[in-house]
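What's in target-v4.txt: compact mmCIF, C-alpha atoms
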```txt
# COMPACT_ATOMS: atom_id res chain seq x y z
CA GLU A 1484 79.79 63.61 2.35
CA ILE A 1485 76.39 61.98 1.76
CA VAL A 1486 73.79 64.72 1.86
CA TYR A 1487 70.77 62.83 0.50
CA SER A 1488 70.08 59.12 0.18
CA SER A 1489 67.41 56.50 -0.45
CA VAL A 1490 67.59 52.78 0.28
CA PHE A 1491 64.98 50.36 -1.03
CA PRO A 1492 63.15 48.46 1.73
CA PRO A 1493 64.86 45.03 1.38
CA GLU A 1494 61.85 42.72 1.78
CA ALA A 1495 59.64 44.70 -0.62
CA LEU A 1496 62.54 45.10 -3.06
CA ALA A 1497 63.08 41.34 -3.31
CA ARG A 1498 59.40 40.92 -4.18
CA ALA A 1499 59.45 43.80 -6.66
CA ARG A 1500 62.29 42.15 -8.58
CA LEU A 1501 59.98 39.21 -9.37
CA VAL A 1502 57.62 41.61 -11.12
CA LEU A 1503 60.16 43.89 -12.81
CA VAL A 1504 63.43 41.97 -13.25
CA GLU A 1505 62.91 38.20 -13.50
CA PHE A 1506 60.47 35.51 -12.36
CA PRO A 1507 61.64 31.91 -11.90
CA ASP A 1508 58.50 30.19 -13.21
CA THR A 1509 58.17 31.90 -16.60
CA PRO A 1510 59.95 30.80 -19.80
CA ASN A 1511 63.46 32.27 -19.80
CA ASN A 1512 62.67 33.77 -16.36
CA LEU A 1513 60.94 36.71 -18.02
CA ALA A 1514 59.80 39.42 -15.59
CA LEU A 1515 56.07 39.24 -14.99
CA MET A 1516 55.30 42.81 -16.02
CA GLN A 1517 57.08 42.47 -19.36
CA GLY A 1518 55.36 39.15 -20.04
CA LEU A 1519 52.01 40.62 -19.06
CA TYR A 1520 52.43 43.63 -21.32
CA TYR A 1521 53.61 41.76 -24.39
CA TYR A 1522 52.06 38.29 -24.32
CA SER A 1523 48.80 39.14 -22.54
CA ALA A 1524 48.11 42.49 -24.19
CA SER A 1525 50.25 43.80 -27.06
CA TYR A 1526 50.53 40.50 -28.96
CA ILE A 1527 46.82 39.73 -28.61
CA ASN A 1528 45.86 43.22 -29.76
CA GLY A 1529 48.24 42.90 -32.71
CA VAL A 1530 46.75 39.57 -33.75
CA ILE A 1531 43.29 41.15 -33.77
CA ASN A 1532 43.94 44.69 -34.98
CA GLY A 1533 47.16 44.31 -36.96
CA ASN A 1534 50.76 45.32 -36.39
CA PRO A 1535 51.45 49.02 -37.14
CA LEU A 1536 55.14 48.19 -37.64
CA ASP A 1537 54.31 45.61 -40.32
CA PRO A 1538 51.67 46.89 -42.79
CA GLU A 1539 51.67 43.53 -44.60
CA TYR A 1540 50.59 41.63 -41.47
CA VAL A 1541 46.93 40.64 -41.75
CA GLY A 1542 45.11 40.98 -38.43
CA LEU A 1543 41.90 39.18 -37.60
CA ALA A 1544 39.71 42.23 -38.28
CA SER A 1545 41.25 42.85 -41.71
CA ALA A 1546 41.01 39.16 -42.57
CA TYR A 1547 37.30 39.21 -41.82
CA GLU A 1548 36.71 42.42 -43.80
CA ASN A 1549 38.50 40.93 -46.83
CA SER A 1550 36.89 37.48 -46.50
CA ASP A 1551 40.37 35.99 -46.04
CA GLU A 1552 39.27 32.84 -44.26
CA GLU A 1553 42.73 31.28 -44.02
CA SER A 1554 44.13 34.28 -42.14
CA LEU A 1555 40.97 34.62 -40.06
CA ARG A 1556 41.24 31.01 -38.84
CA LYS A 1557 44.95 31.37 -38.05
CA ARG A 1558 44.46 34.61 -36.09
CA THR A 1559 41.55 33.10 -34.16
CA GLU A 1560 43.80 30.19 -33.22
CA GLU A 1561 46.53 32.58 -32.10
CA VAL A 1562 44.17 34.56 -29.87
CA ILE A 1563 42.96 31.40 -28.15
CA ASN A 1564 46.42 29.93 -27.67
CA LEU A 1565 47.98 33.15 -26.37
CA ILE A 1566 45.27 33.38 -23.73
CA VAL A 1567 45.05 29.74 -22.61
CA GLY A 1568 48.77 28.80 -22.53
CA ASP A 1569 50.51 25.66 -23.75
CA GLN A 1570 49.50 23.46 -20.78
CA SER A 1571 45.80 23.94 -21.43
CA ASP A 1572 43.62 21.39 -23.22
CA LEU A 1573 42.41 24.33 -25.33
CA TYR A 1574 45.91 24.90 -26.75
CA GLN A 1575 45.31 23.34 -30.16
CA ASP A 1576 45.81 23.43 -33.93
CA TYR A 1577 42.38 24.89 -34.66
CA ASP A 1578 42.95 25.62 -38.35
CA LYS A 1579 44.35 22.08 -38.94
CA ASP A 1580 47.47 23.29 -40.77
CA GLY A 1581 49.81 21.04 -38.76
CA ASN A 1582 51.08 23.81 -36.48
CA ILE A 1583 49.88 25.11 -33.13
CA ASP A 1584 50.16 28.85 -33.67
CA SER A 1585 50.45 31.42 -30.88
CA SER A 1586 51.96 34.45 -32.66
CA ASP A 1587 55.38 33.75 -31.11
CA GLY A 1588 53.92 33.66 -27.59
CA ASP A 1589 56.03 31.97 -24.92
CA GLY A 1590 53.33 29.47 -23.83
CA TYR A 1591 52.92 30.77 -20.27
CA GLY A 1592 49.43 32.03 -21.12
CA SER A 1593 47.26 34.79 -19.73
CA LEU A 1594 45.06 32.46 -17.68
CA PRO A 1595 46.05 29.59 -15.35
CA ASN A 1596 47.02 26.41 -17.23
CA GLY A 1597 48.68 23.31 -15.79
CA ASP A 1598 51.70 24.38 -13.73
CA HIS A 1599 51.50 27.90 -15.17
CA ALA A 1600 49.71 30.52 -13.12
CA GLY A 1601 49.40 32.62 -16.29
CA TYR A 1602 50.66 36.20 -16.50
CA LEU A 1603 47.46 37.78 -15.18
CA GLN A 1604 47.09 35.84 -11.94
CA ALA A 1605 50.84 35.62 -11.31
CA THR A 1606 51.20 39.39 -11.65
CA ILE A 1607 48.26 40.15 -9.37
CA SER A 1608 49.62 37.78 -6.71
CA ARG A 1609 53.17 39.08 -6.79
CA VAL A 1610 52.20 42.74 -6.88
CA LYS A 1611 50.00 42.13 -3.84
CA ASP A 1612 52.99 40.48 -2.14
CA ILE A 1613 54.95 43.72 -2.55
CA ALA A 1614 52.23 45.69 -0.77
CA ASP A 1615 51.99 43.04 1.96
CA ALA A 1616 55.73 43.17 2.75
CA GLN A 1617 56.39 44.40 6.29
CA ASP A 1618 58.58 47.23 4.98
CA SER A 1619 56.49 48.27 1.95
CA THR A 1620 56.00 52.02 1.60
CA PRO A 1621 52.70 53.91 1.18
CA ASN A 1622 53.75 54.54 -2.44
CA MET A 1623 54.18 50.80 -3.03
CA ARG A 1624 50.80 50.01 -1.54
CA LEU A 1625 49.03 52.69 -3.59
CA TYR A 1626 50.45 51.59 -6.93
CA SER A 1627 50.11 47.91 -6.08
CA GLU A 1628 46.38 48.47 -5.67
CA ASN A 1629 46.22 50.34 -8.99
CA ILE A 1630 48.09 47.59 -10.83
CA GLN A 1631 45.86 44.90 -9.36
CA THR A 1632 42.79 46.81 -10.62
CA CYS A 1633 44.25 47.09 -14.13
CA VAL A 1634 45.22 43.43 -14.31
CA GLN A 1635 41.81 42.35 -13.03
CA ASN A 1636 40.28 44.38 -15.87
CA MET A 1637 42.58 42.57 -18.29
CA SER A 1638 41.49 39.24 -16.86
CA THR A 1639 37.81 40.06 -17.45
CA TRP A 1640 38.52 41.18 -21.02
CA SER A 1641 40.72 38.13 -21.71
CA GLU A 1642 38.06 35.71 -20.55
CA ARG A 1643 35.50 37.42 -22.80
CA LEU A 1644 37.95 37.36 -25.73
CA LEU A 1645 38.48 33.64 -25.24
CA GLU A 1646 34.73 33.11 -25.28
CA LEU A 1647 34.32 35.14 -28.49
CA ALA A 1648 37.29 33.52 -30.25
CA THR A 1649 35.97 30.06 -29.40
CA GLN A 1650 32.58 31.00 -30.86
CA LEU A 1651 34.24 32.44 -33.94
CA ASN A 1652 36.23 29.27 -34.46
CA GLY A 1653 33.04 27.21 -34.63
CA MET A 1654 31.28 29.44 -37.17
CA ASN A 1655 31.24 29.45 -40.95
CA LEU A 1656 32.62 32.59 -42.59
CA SER A 1657 29.60 34.87 -42.90
CA GLY A 1658 28.10 38.18 -41.88
CA ASP A 1659 27.04 36.52 -38.63
CA MET A 1660 30.64 36.96 -37.45
CA GLU A 1661 30.51 40.74 -37.63
CA GLY A 1662 29.30 41.38 -34.07
CA LEU A 1663 31.87 39.03 -32.57
CA VAL A 1664 34.73 40.50 -34.57
CA SER A 1665 33.68 44.06 -33.67
CA GLU A 1666 33.68 43.24 -29.96
CA MET A 1667 37.06 41.51 -30.25
CA VAL A 1668 38.49 44.63 -31.91
CA ASP A 1669 37.44 46.74 -28.91
CA LEU A 1670 38.61 44.20 -26.34
CA GLY A 1671 42.02 43.85 -27.99
CA ARG A 1672 42.53 47.60 -27.76
CA ASN A 1673 41.23 47.66 -24.18
CA LEU A 1674 43.86 45.12 -23.12
CA VAL A 1675 46.58 47.59 -24.03
CA ARG A 1676 45.10 51.08 -23.70
CA GLY A 1677 42.19 50.52 -21.34
CA ALA A 1678 38.78 52.14 -21.79
CA ASP A 1679 37.08 55.33 -20.64
CA ALA A 1680 34.16 53.52 -18.99
CA ASN A 1681 32.78 56.53 -17.10
CA GLY A 1682 33.04 58.90 -20.09
CA ASN A 1683 35.13 61.58 -18.38
CA GLY A 1684 37.78 61.64 -21.10
CA LEU A 1685 40.38 59.79 -19.02
CA VAL A 1686 41.55 56.22 -18.53
CA GLU A 1687 41.99 55.87 -14.77
CA PRO A 1688 43.01 53.10 -12.34
CA LEU A 1689 39.40 52.01 -11.93
CA PRO A 1690 37.40 48.84 -12.60
CA ASP A 1691 36.58 48.50 -16.34
CA GLU A 1692 39.07 51.24 -17.26
CA CYS A 1693 42.85 50.75 -17.06
CA GLY A 1694 44.76 48.07 -18.96
CA ALA A 1695 48.35 47.05 -19.63
CA ASP A 1696 49.64 50.54 -20.44
CA MET A 1697 48.76 51.85 -16.99
CA ALA A 1698 49.76 48.63 -15.21
CA TYR A 1699 53.22 48.88 -16.79
CA GLU A 1700 53.57 52.59 -16.03
CA HIS A 1701 52.47 52.22 -12.42
CA SER A 1702 54.81 49.28 -11.88
CA TRP A 1703 57.71 51.70 -12.22
CA TYR A 1704 56.04 54.32 -10.03
CA LEU A 1705 55.78 51.55 -7.45
CA VAL A 1706 59.57 51.43 -7.09
CA GLU A 1707 60.35 55.13 -7.26
CA MET A 1708 63.00 56.16 -4.72
CA PRO A 1709 62.15 59.24 -2.64
CA LEU A 1710 65.19 61.18 -1.42
CA TYR A 1711 65.77 61.97 2.25
CA ILE A 1712 68.34 64.09 4.05
CA GLY A 1713 71.31 62.14 5.38
CA PRO A 1714 72.94 58.76 4.64
CA GLY A 1715 71.33 55.31 4.57
CA ARG A 1716 67.74 56.52 4.65
CA VAL A 1717 65.09 53.82 4.18
CA PRO A 1718 61.61 55.19 3.35
CA PRO A 1719 59.24 54.69 6.30
CA SER A 1720 56.60 52.02 5.84
CA GLY A 1721 53.82 54.13 7.32
CA LYS A 1722 52.36 50.99 8.88
```

Output the structure of this file as structure tokens.
Amino acid sequence: EIVYSSVFPPEALARARLVLVEFPDTPNNLALMQGLYYYSASYINGVINGNPLDPEYVGLASAYENSDEESLRKRTEEVINLIVGDQSDLYQDYDKDGNIDSSDGDGYGSLPNGDHAGYLQATISRVKDIADAQDSTPNMRLYSENIQTCVQNMSTWSERLLELATQLNGMNLSGDMEGLVSEMVDLGRNLVRGADANGNGLVEPLPDECGADMAYEHSWYLVEMPLYIGPGRVPPSGK
């Protein structure tokens, strides 16, 4: 006897799979939320602030502090290439070592490039599609809005990071780099953790606050399954 049940709304579920399971336009059909979290946030932050799992990895900030110009140039190149994607004219071998480095990124990029929408815009579009589905639930619409806010914050920070990294690439190694590097350190962390812009001690789903951590977390809240009494129960859309 089925006492409780929950059935995903079919139209919204098909759209949610593009965000959380697989997406046909990304390399290896990687799900958008995983690509967003890793290639548009975690990897970029690691390139700038170092990898806590690999103490020997030299991040951009450490390279600057230690006047390690070779590592600084390579990390700057990786930041740019991760953001712009491999179909952009800005995807280049900036340190002239014969390799185009992107810290093992998959080339899809954070920002639109060529045929690639980039993880930021593709995620915003597809998450909005979930909310716009005829059978989407109030829960889906709430968390879709939150995710869109977080990803828009990431887009703003990514564009600023690209601007700073491009400036850094054109400068000689000197104390004049300090302000740029310091801002990049903060922006790299913001991409992952977000920022407490209003000073209330919390990172919330608000403009200038949430980043990839909250976007990822709320993407799973978006597809939570409420239980209802009886068999075959589809959550009401509330529309």

Among listed residues A:Ser1720, A:Ser1489, A:Asn1512, A:Asn1673, nearest A:Ile1613 (using all atoms listed in the file) |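 Ranked by minimum distance to A:Ile1613, first place goes to A:Ser1720.
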
What does the distance from atom CA of A:Pro1688 to atom CA of A:Trp1640 come to in Å, to one decimal?
->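 Between atom CA of A:Pro1688 and atom CA of A:Trp1640 the gap works out to 15.4 Å.
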
Length of the atom CA of A:Glu1553 to atom CA of A:Val1567 vector [Å] = 21.6 Å

Selected residue of minimal separation from A:Ala1495 among A:Ala1514, A:Met1623, A:Ile1607, A:Leu1689, counting all atoms listed in the file |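 Looking only at the distances to A:Ala1495, the closest residue turns out to be A:Met1623.
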
Six-sided padding of 5 Å per side, axis-aligned box over stretch 1684-1691 of chain A, centre and edges in Å, one decimal, as lines of an AutoDock Vina configuration file:
```
center_x = 39.8
center_y = 55.1
center_z = -16.5
size_x = 16.4
size_y = 23.1
size_z = 19.2
```

Dump as a tab-separated table the rows for residues of stretch 1612-1677 of chain A within 7 Å of stretch 1703-1712 of chain A: closest atom pair and distance in Å with one decimal, only C-alpha atoms counted, ordered by chain and rising residue number.
```
residue	atom	partner	partner_atom	distance
A:Asn1622	CA	A:Leu1705	CA	6.2
A:Met1623	CA	A:Leu1705	CA	4.8
A:Tyr1626	CA	A:Leu1705	CA	5.4
A:Ser1627	CA	A:Leu1705	CA	6.9
```

Nearest candidate to A:Tyr1522 (options A:Asn1534, A:Asn1564, A:Gly1677, A:Asp1508; using all atoms listed in the file) =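 Under the stated criterion, the closest residue is A:Asn1564.
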
How many Å lie between atom CA of A:Gly1721 and atom CA of A:Gln1604, rounded to one decimal?
->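 Those two atoms sit 27.4 Å apart.
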
Which residues come within 12 Å of stretch 1503-1507 of chain A, counting all atoms listed in the file, excluding same-chain residues fewer than 6 positions away, as a VMD selection string?
-> chain A and resid 1496 to 1497 1513 to 1520 1591 1599 to 1600 1602 1605 to 1606 1609 to 1610 1613 1698 to 1706

Given the choices A:Asp1612, A:Glu1646, A:Glu1494, A:Asp1578, which gets closest to A:Leu1555 if the distance is worked out from only C-alpha atoms?
-> A:Asp1578

Each stretch 1574-1683 of chain A residue no farther than 9 Å from stretch 1539-1547 of chain A, nearest pair in Å, all atoms listed in the file, as CSV:
```
residue,atom,partner,partner_atom,distance
A:Leu1656,CA,A:Tyr1547,CA,8.1
A:Ser1657,CA,A:Tyr1547,CA,8.9
A:Met1660,CA,A:Tyr1547,CA,8.3
A:Glu1661,CA,A:Tyr1547,CA,8.1
A:Val1664,CA,A:Ala1544,CA,6.4
A:Ser1665,CA,A:Ala1544,CA,7.8
A:Met1667,CA,A:Ala1544,CA,8.5
A:Val1668,CA,A:Ala1544,CA,6.9
```

With a distance cut-off of 8 Å and only C-alpha atoms, select the neighbouring residues of A:Ile1527, excluding the residue or stretch itself and same-chain residues fewer than 6 positions from it, and output the selection as a PyMOL selection string.
-> chain A and resi 1561-1562+1565+1671

For A:Ser1586, which of A:Ala1614, A:Val1634, A:Val1675, A:Val1530 is the closest residue, counting only C-alpha atoms?
->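 Checking each candidate against A:Ser1586, we get A:Val1530 as the closest.
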
Residues near A:Thr1632, cut-off 7 Å, only C-alpha atoms, skip fewer than 3 positions along chain, as a list in words | Glu1628, Asn1629, Gln1635, Asn1636, Pro1688, Leu1689 and Pro1690 of chain A

Near A:Gly1581, counting all atoms listed in the file, which residues have an atom at most 12 Å away, once you skip same-chain residues fewer than 5 positions from it, shown as a PDB file with C-alpha atoms, keeping the file's coordinate frame?
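See out.pdb below for the written result:
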```pdb
ATOM      1  CA  LYS A1557      44.950  31.370 -38.050  1.00  0.00           C
ATOM      2  CA  GLN A1575      45.310  23.340 -30.160  1.00  0.00           C
ATOM      3  CA  ASP A1576      45.810  23.430 -33.930  1.00  0.00           C
TER       4      ASP A1576
END
```
